[in-house]
Structures are given as structure tokens and as C-alpha cells.
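Asker: Structure provided below as C-alpha cells; questions to follow.
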Amino acid sequence: MKEAALREAIAEAGRSLFARGYAVGTAGNISARLEDGFLITPTNSSLGTLDPARISKLDARFQHVAGDKPSKEVFMHRAFFQARPATGGVVHLHSTMATAIACLAQPGERRPIPPLTPYFVMRIGRDLPVVAYFRPGDPAMEEAIAAEAANASAVLLANHGPVVAGASLRDAVAAAEELEEAAKLALLLRGAHPRELSPAQIDDLLKTFG
Ligand code: 13P
């Protein structure tokens with residue numbers, strides 16, 4: 001996608017996520033790959049009111065070259081773009097249900113949400129590693145995320161929230177939404193011993209859609 005269209009697409013994704021309560025205040029950030037670098041939402045911006053022209057542009061080495069000051073979570077996004085070269089977009093949210101799971105799960109856990117529905121498995125995959133707590137914007141989180149991102153398209157940051165990568169911005173947004181719904185189901189059914197998809201059903205999904 002060309003830069004102008006991608007700027008519009010990020011603003012539209014932010015508006016849509018904010019309007020449906022996936023983001024509040026100035027929480028969350030969105031990035032996408034350009035031919036010659038990356039776009040990322042500016043720090044302290046509301047995802048609900050992004051101005052496409054002011055979205056930050058980074059060069060191929062993640063240096064700020066245009067637009068407003070970039071998100072302090074550039075390192076979080078860079079971890080995915082570098083560890084998963086096919087990544088076209090990354091979405092970080094503080095969405096309520098996924099963040100609740102990020103407060104319950106232990107760092108190092110790999111499957112904090114049970115495989116209850118096909119779309120969770122198709123969009124997120126087998127593993128959703130829980131990464132240790134880091135202060136927002138702490139560059140040290142990059143290494144911790146990158147260590148997991150090679151084998152997982154999404155992580156939960158302990159006591160903070162989800163980070164989700166996709167082959168495109170659209171895929172990343174869809175996966176972030178699916179993760180939030182899966183987290184909601186997991187919490188709704190906590191202790192109720194719901195039926196999980198079997199390893200064979202999960203293999204079938206990943207083989208067919210993965
Ligand atoms: P930024 O406003 O710097 O993007 O940070 C928001 C956020 O979600 C921190 O985790």
C-alpha cells in the first residue's frame with residue numbers, strides 16, 4: 001500500500017478500534033510497514049482521532065524522519081518487524097479482557113488462553129507467550145519480545161496488554177480483535193471446564209489456514 005493510503009488506513013483502524021472500546025484515552029499504538037520504512041502512531045495520541053498527515057514516519061532503521069514524535073513503544077513494534085520479516089502491521093492495545101489475562105498469567109506461560117474457538121487459533125496460532133513486565137517505553141522489552149516473536153505472532157505483556165503482528169495492517173487489527181474476544185470467552189468460562197479444541201483440530205486449522 002502506498003504511504004498516503006496507509007496513513008488513512010491506520011487512522012481508520014484507530015477510529016474503529018476506539019469507537020468499539022478496544023482502546024481508551026491515549027492507550028495503544030499501531031504501526032505498518034512501508035516500502036522505505038514504517039509508519040507508527042504518535043506518542044500520546046488517541047487512536048480515535050488520528051490525523052493521517054501527522055502519523056510518524058520512520059526510516060528502514062526505525063529513525064524518526066517525519067510526522068509527530070513517534071510512540072514510545074517503537075521498540076515493541078520493531079521487535080516484531082525484525083523477528084518476523086513477513087510482518088506488515090503491528091497493533092498494541094490495552095484492551096480490557098486481554099489485559100486482564102495479562103494480569104492473571106505468569107511470565108513465561110505460553111498458552112494463557114485456551115484454544116476454545118477456531119478463529120483464535122487461526123488468527124493467533126498455537127502459542128501466546130506471556131512476556132515479563134516492563135515499564136511502558138522501556139527499550140529492554142525489545143529483546144524479551146523478539147525472543148518470543150520468532151515463534152509467535154502475538155504476545156501478552158504482563159500487567160500491560162497484547163501486542164499482535166499480522167502480514168498486513170488489516171490482519172494485525174483482525175487478530176487483535178480476535179484475541180480480545182478469545183480473552184473474553186476465557187474469562188467468561190473460567191472454572192466452567194469448557195470443551196477445548198483438540199490437538200488434531202488445532203493441527204487441521206493451522207494446516208488449512210495457517
Ligand atoms: P504511546 O502514546 O507512546 O504510543 O504509548 C501508549 C501505550 O499504549 C503505552 O503502552
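Here's how to read the names in the C-alpha cells: chain A, B, ... by the order shown, residue numbers from 1 in each chain, ligand numbers from 1 in the order shown.
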At a cut-off of 10 Å, can you tabulate as JSON lines every residue of chain A near ligand 1 together with its closest atom pair and the distance in Å to one decimal, using only C-alpha atoms and all ligand atoms and ordering rows by chain then number?
Answerer:
{"residue": "A:Ala23", "atom": "CA", "partner": "ligand 1", "partner_atom_place_in_ligand_line": "8 (O)", "distance": 8.9}
{"residue": "A:Val24", "atom": "CA", "partner": "ligand 1", "partner_atom_place_in_ligand_line": "8 (O)", "distance": 9.6}
{"residue": "A:Gly25", "atom": "CA", "partner": "ligand 1", "partner_atom_place_in_ligand_line": "6 (C)", "distance": 9.2}
{"residue": "A:Thr26", "atom": "CA", "partner": "ligand 1", "partner_atom_place_in_ligand_line": "2 (O)", "distance": 5.7}
{"residue": "A:Ala27", "atom": "CA", "partner": "ligand 1", "partner_atom_place_in_ligand_line": "8 (O)", "distance": 3.9}
{"residue": "A:Gly28", "atom": "CA", "partner": "ligand 1", "partner_atom_place_in_ligand_line": "8 (O)", "distance": 3.5}
{"residue": "A:Asn29", "atom": "CA", "partner": "ligand 1", "partner_atom_place_in_ligand_line": "4 (O)", "distance": 4.8}
{"residue": "A:Ile30", "atom": "CA", "partner": "ligand 1", "partner_atom_place_in_ligand_line": "4 (O)", "distance": 8.1}
{"residue": "A:Ile40", "atom": "CA", "partner": "ligand 1", "partner_atom_place_in_ligand_line": "4 (O)", "distance": 8.5}
{"residue": "A:Thr41", "atom": "CA", "partner": "ligand 1", "partner_atom_place_in_ligand_line": "4 (O)", "distance": 6.5}
{"residue": "A:Pro42", "atom": "CA", "partner": "ligand 1", "partner_atom_place_in_ligand_line": "4 (O)", "distance": 6.1}
{"residue": "A:Thr43", "atom": "CA", "partner": "ligand 1", "partner_atom_place_in_ligand_line": "3 (O)", "distance": 3.6}
{"residue": "A:Asn44", "atom": "CA", "partner": "ligand 1", "partner_atom_place_in_ligand_line": "2 (O)", "distance": 3.5}
{"residue": "A:Ser45", "atom": "CA", "partner": "ligand 1", "partner_atom_place_in_ligand_line": "2 (O)", "distance": 5.7}
{"residue": "A:Ser46", "atom": "CA", "partner": "ligand 1", "partner_atom_place_in_ligand_line": "2 (O)", "distance": 7.8}
{"residue": "A:Leu47", "atom": "CA", "partner": "ligand 1", "partner_atom_place_in_ligand_line": "4 (O)", "distance": 9.2}
{"residue": "A:Lys69", "atom": "CA", "partner": "ligand 1", "partner_atom_place_in_ligand_line": "3 (O)", "distance": 8.8}
{"residue": "A:Pro70", "atom": "CA", "partner": "ligand 1", "partner_atom_place_in_ligand_line": "3 (O)", "distance": 6.9}
{"residue": "A:Ser71", "atom": "CA", "partner": "ligand 1", "partner_atom_place_in_ligand_line": "3 (O)", "distance": 3.6}
{"residue": "A:Lys72", "atom": "CA", "partner": "ligand 1", "partner_atom_place_in_ligand_line": "3 (O)", "distance": 3.9}
{"residue": "A:Glu73", "atom": "CA", "partner": "ligand 1", "partner_atom_place_in_ligand_line": "3 (O)", "distance": 5.7}
{"residue": "A:Val74", "atom": "CA", "partner": "ligand 1", "partner_atom_place_in_ligand_line": "4 (O)", "distance": 8.1}
{"residue": "A:Met76", "atom": "CA", "partner": "ligand 1", "partner_atom_place_in_ligand_line": "10 (O)", "distance": 9.1}
{"residue": "A:Val91", "atom": "CA", "partner": "ligand 1", "partner_atom_place_in_ligand_line": "8 (O)", "distance": 9.7}
{"residue": "A:His92", "atom": "CA", "partner": "ligand 1", "partner_atom_place_in_ligand_line": "8 (O)", "distance": 6.6}
{"residue": "A:Leu93", "atom": "CA", "partner": "ligand 1", "partner_atom_place_in_ligand_line": "8 (O)", "distance": 6.2}
{"residue": "A:His94", "atom": "CA", "partner": "ligand 1", "partner_atom_place_in_ligand_line": "8 (O)", "distance": 6.6}
{"residue": "A:Phe134", "atom": "CA", "partner": "ligand 1", "partner_atom_place_in_ligand_line": "10 (O)", "distance": 9.8}
{"residue": "A:Arg135", "atom": "CA", "partner": "ligand 1", "partner_atom_place_in_ligand_line": "10 (O)", "distance": 8.3}
{"residue": "A:Pro136", "atom": "CA", "partner": "ligand 1", "partner_atom_place_in_ligand_line": "10 (O)", "distance": 4.9}
{"residue": "A:Gly137", "atom": "CA", "partner": "ligand 1", "partner_atom_place_in_ligand_line": "9 (C)", "distance": 6.7}
{"residue": "A:Asp138", "atom": "CA", "partner": "ligand 1", "partner_atom_place_in_ligand_line": "10 (O)", "distance": 9.7}
{"residue": "A:Leu157", "atom": "CA", "partner": "ligand 1", "partner_atom_place_in_ligand_line": "10 (O)", "distance": 9.6}
{"residue": "A:His160", "atom": "CA", "partner": "ligand 1", "partner_atom_place_in_ligand_line": "10 (O)", "distance": 7.1}
{"residue": "A:Gly161", "atom": "CA", "partner": "ligand 1", "partner_atom_place_in_ligand_line": "10 (O)", "distance": 7.9}
{"residue": "A:Pro162", "atom": "CA", "partner": "ligand 1", "partner_atom_place_in_ligand_line": "10 (O)", "distance": 9.6}
{"residue": "A:Val163", "atom": "CA", "partner": "ligand 1", "partner_atom_place_in_ligand_line": "10 (O)", "distance": 9.7}
Asker: Residues at most 7 Å from A:Val130, counting only C-alpha atoms, excluding those fewer than 6 positions away in the same chain, as a PDB file with N, CA, C and O atoms, in the first residue's frame?
Answerer:
ATOM      1  N   GLN A 106       1.229 -16.018  34.273  1.00  0.00           N
ATOM      2  CA  GLN A 106       2.611 -15.882  34.743  1.00  0.00           C
ATOM      3  C   GLN A 106       3.538 -15.616  33.560  1.00  0.00           C
ATOM      4  O   GLN A 106       3.414 -16.286  32.525  1.00  0.00           O
ATOM      5  N   PRO A 107       4.493 -14.689  33.687  1.00  0.00           N
ATOM      6  CA  PRO A 107       5.508 -14.531  32.631  1.00  0.00           C
ATOM      7  C   PRO A 107       6.152 -15.879  32.346  1.00  0.00           C
ATOM      8  O   PRO A 107       6.429 -16.644  33.273  1.00  0.00           O
ATOM      9  N   GLY A 108       6.326 -16.174  31.066  1.00  0.00           N
ATOM     10  CA  GLY A 108       6.891 -17.464  30.686  1.00  0.00           C
ATOM     11  C   GLY A 108       5.826 -18.453  30.247  1.00  0.00           C
ATOM     12  O   GLY A 108       6.116 -19.395  29.515  1.00  0.00           O
ATOM     13  N   GLU A 109       4.574 -18.221  30.676  1.00  0.00           N
ATOM     14  CA  GLU A 109       3.484 -19.083  30.193  1.00  0.00           C
ATOM     15  C   GLU A 109       3.350 -18.933  28.688  1.00  0.00           C
ATOM     16  O   GLU A 109       3.567 -17.833  28.152  1.00  0.00           O
ATOM     17  N   ARG A 110       2.962 -19.996  28.015  1.00  0.00           N
ATOM     18  CA  ARG A 110       2.874 -19.926  26.553  1.00  0.00           C
ATOM     19  C   ARG A 110       1.426 -19.997  26.052  1.00  0.00           C
ATOM     20  O   ARG A 110       1.132 -19.615  24.929  1.00  0.00           O
ATOM     21  N   VAL A 155       2.050 -11.566  21.550  1.00  0.00           N
ATOM     22  CA  VAL A 155       2.464 -11.811  22.940  1.00  0.00           C
ATOM     23  C   VAL A 155       1.538 -11.026  23.854  1.00  0.00           C
ATOM     24  O   VAL A 155       0.872 -10.073  23.434  1.00  0.00           O
ATOM     25  N   LEU A 156       1.514 -11.435  25.118  1.00  0.00           N
ATOM     26  CA  LEU A 156       0.875 -10.633  26.163  1.00  0.00           C
ATOM     27  C   LEU A 156       1.985 -10.093  27.036  1.00  0.00           C
ATOM     28  O   LEU A 156       2.838 -10.859  27.506  1.00  0.00           O
ATOM     29  N   LEU A 157       1.992  -8.792  27.249  1.00  0.00           N
ATOM     30  CA  LEU A 157       2.970  -8.182  28.152  1.00  0.00           C
ATOM     31  C   LEU A 157       2.363  -8.189  29.552  1.00  0.00           C
ATOM     32  O   LEU A 157       1.256  -7.648  29.748  1.00  0.00           O
ATOM     33  N   ALA A 158       3.050  -8.807  30.501  1.00  0.00           N
ATOM     34  CA  ALA A 158       2.497  -8.954  31.847  1.00  0.00           C
ATOM     35  C   ALA A 158       2.039  -7.612  32.404  1.00  0.00           C
ATOM     36  O   ALA A 158       2.779  -6.611  32.326  1.00  0.00           O
TER      37      ALA A 158
END
Asker: As a ChimeraX atom specification, which residues of stretch 3-201 of chain A does DSSP assign to alpha helix (DSSP H)?
Answerer: /A:3-19,74-83,96-104,118-124,141-149,169-188,199-201
Asker: Would you mind reading off the distance between atom CA of A:Asp36 and atom CA of A:Gln63, one decimal, in Å?
Answerer: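 These atoms are spaced 11.6 Å apart.
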Asker: Let's see if you can do this: from backbone DSSP, list all strand (DSSP E) residues in chain A, as an mmCIF file with C-alpha atoms, in the first residue's frame.
Answerer:
data_model
loop_
_atom_site.group_PDB
_atom_site.id
_atom_site.type_symbol
_atom_site.label_atom_id
_atom_site.label_comp_id
_atom_site.auth_asym_id
_atom_site.auth_seq_id
_atom_site.Cartn_x
_atom_site.Cartn_y
_atom_site.Cartn_z
ATOM 1 C CA ASN A 29 -0.385 2.211 19.162
ATOM 2 C CA ILE A 30 -0.454 0.958 15.584
ATOM 3 C CA SER A 31 2.354 0.550 13.054
ATOM 4 C CA ALA A 32 2.640 -0.590 9.443
ATOM 5 C CA ARG A 33 5.445 -1.339 7.021
ATOM 6 C CA LEU A 34 6.184 0.945 4.061
ATOM 7 C CA GLY A 37 10.355 2.352 6.327
ATOM 8 C CA PHE A 38 7.452 2.318 8.746
ATOM 9 C CA LEU A 39 4.512 4.395 9.942
ATOM 10 C CA ILE A 40 3.587 4.438 13.640
ATOM 11 C CA SER A 56 5.055 9.400 12.461
ATOM 12 C CA LYS A 57 7.266 8.085 9.707
ATOM 13 C CA LEU A 58 10.389 6.047 10.489
ATOM 14 C CA ASP A 59 13.086 5.089 8.012
ATOM 15 C CA HIS A 64 12.112 9.250 13.013
ATOM 16 C CA VAL A 65 12.029 11.155 9.711
ATOM 17 C CA ALA A 66 8.577 12.819 9.503
ATOM 18 C CA GLY A 89 1.422 -4.373 10.660
ATOM 19 C CA VAL A 90 1.557 -4.426 14.475
ATOM 20 C CA VAL A 91 -1.180 -3.438 16.926
ATOM 21 C CA HIS A 92 -0.675 -2.850 20.649
ATOM 22 C CA VAL A 130 3.484 -14.028 28.276
ATOM 23 C CA VAL A 131 6.445 -11.635 28.410
ATOM 24 C CA ALA A 154 1.382 -12.190 19.325
ATOM 25 C CA VAL A 155 2.464 -11.811 22.940
ATOM 26 C CA LEU A 156 0.875 -10.633 26.163
ATOM 27 C CA LEU A 157 2.970 -8.182 28.152
ATOM 28 C CA GLY A 161 -1.577 -5.783 27.353
ATOM 29 C CA PRO A 162 -1.372 -7.552 23.998
ATOM 30 C CA VAL A 163 0.944 -6.925 21.045
ATOM 31 C CA VAL A 164 -0.223 -8.533 17.808
ATOM 32 C CA ALA A 165 1.503 -8.776 14.415
ATOM 33 C CA GLY A 166 -0.022 -9.602 11.044
#
Asker: Between atom CA of A:Gln201 and atom CA of A:Pro118, what is the spacing in Å?
Answerer: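 So the two atoms, atom CA of A:Pro118 and atom CA of A:Gln201, lie 8.6 Å apart.
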Asker: One number please: atom CA of A:Val173 to atom CA of A:Arg195, in Å, one decimal.
Answerer: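 Interatomic distance, atom CA of A:Val173 to atom CA of A:Arg195: 27.0 Å.
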Asker: Compare A:Glu180, A:Glu35, A:Asp127, A:Asp68 by their minimum atom-to-atom distance to A:Ala53, counting only C-alpha atoms, and give me the closest one.
Answerer: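 Looking only at the distances to A:Ala53, the closest residue turns out to be A:Asp68.
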Asker: Looking at A:Ile124, A:Ala146, A:Ile202, A:Leu197, which one is nearest to A:Ala83, with distances taken over only C-alpha atoms?
Answerer: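 So, comparing all the options, the nearest one is A:Ala146.
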Asker: As a list in words, please: the residues near A:Glu181 (cut-off 12 Å, only C-alpha atoms, same-chain neighbours under 4 positions excluded).
Answerer: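 Contacts, in chain order: Tyr22, Ser95, Thr96, Met97, Ala98, Thr99, Ile101, Ile113, Leu116, Thr117, Pro118, Tyr119, Phe120, Arg123, Ile124, Ala174, Ala175, Ala176, Glu177, Leu185, Ala186, Leu187 and Leu188 of chain A.
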Asker: Could you tell me which of A:Ala79, A:Ala5, A:Ala132, A:Leu50 comes closest to A:Ala150 if we count only C-alpha atoms?
Answerer: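 With only C-alpha atoms as the atom set, the closest residue is A:Ala79.
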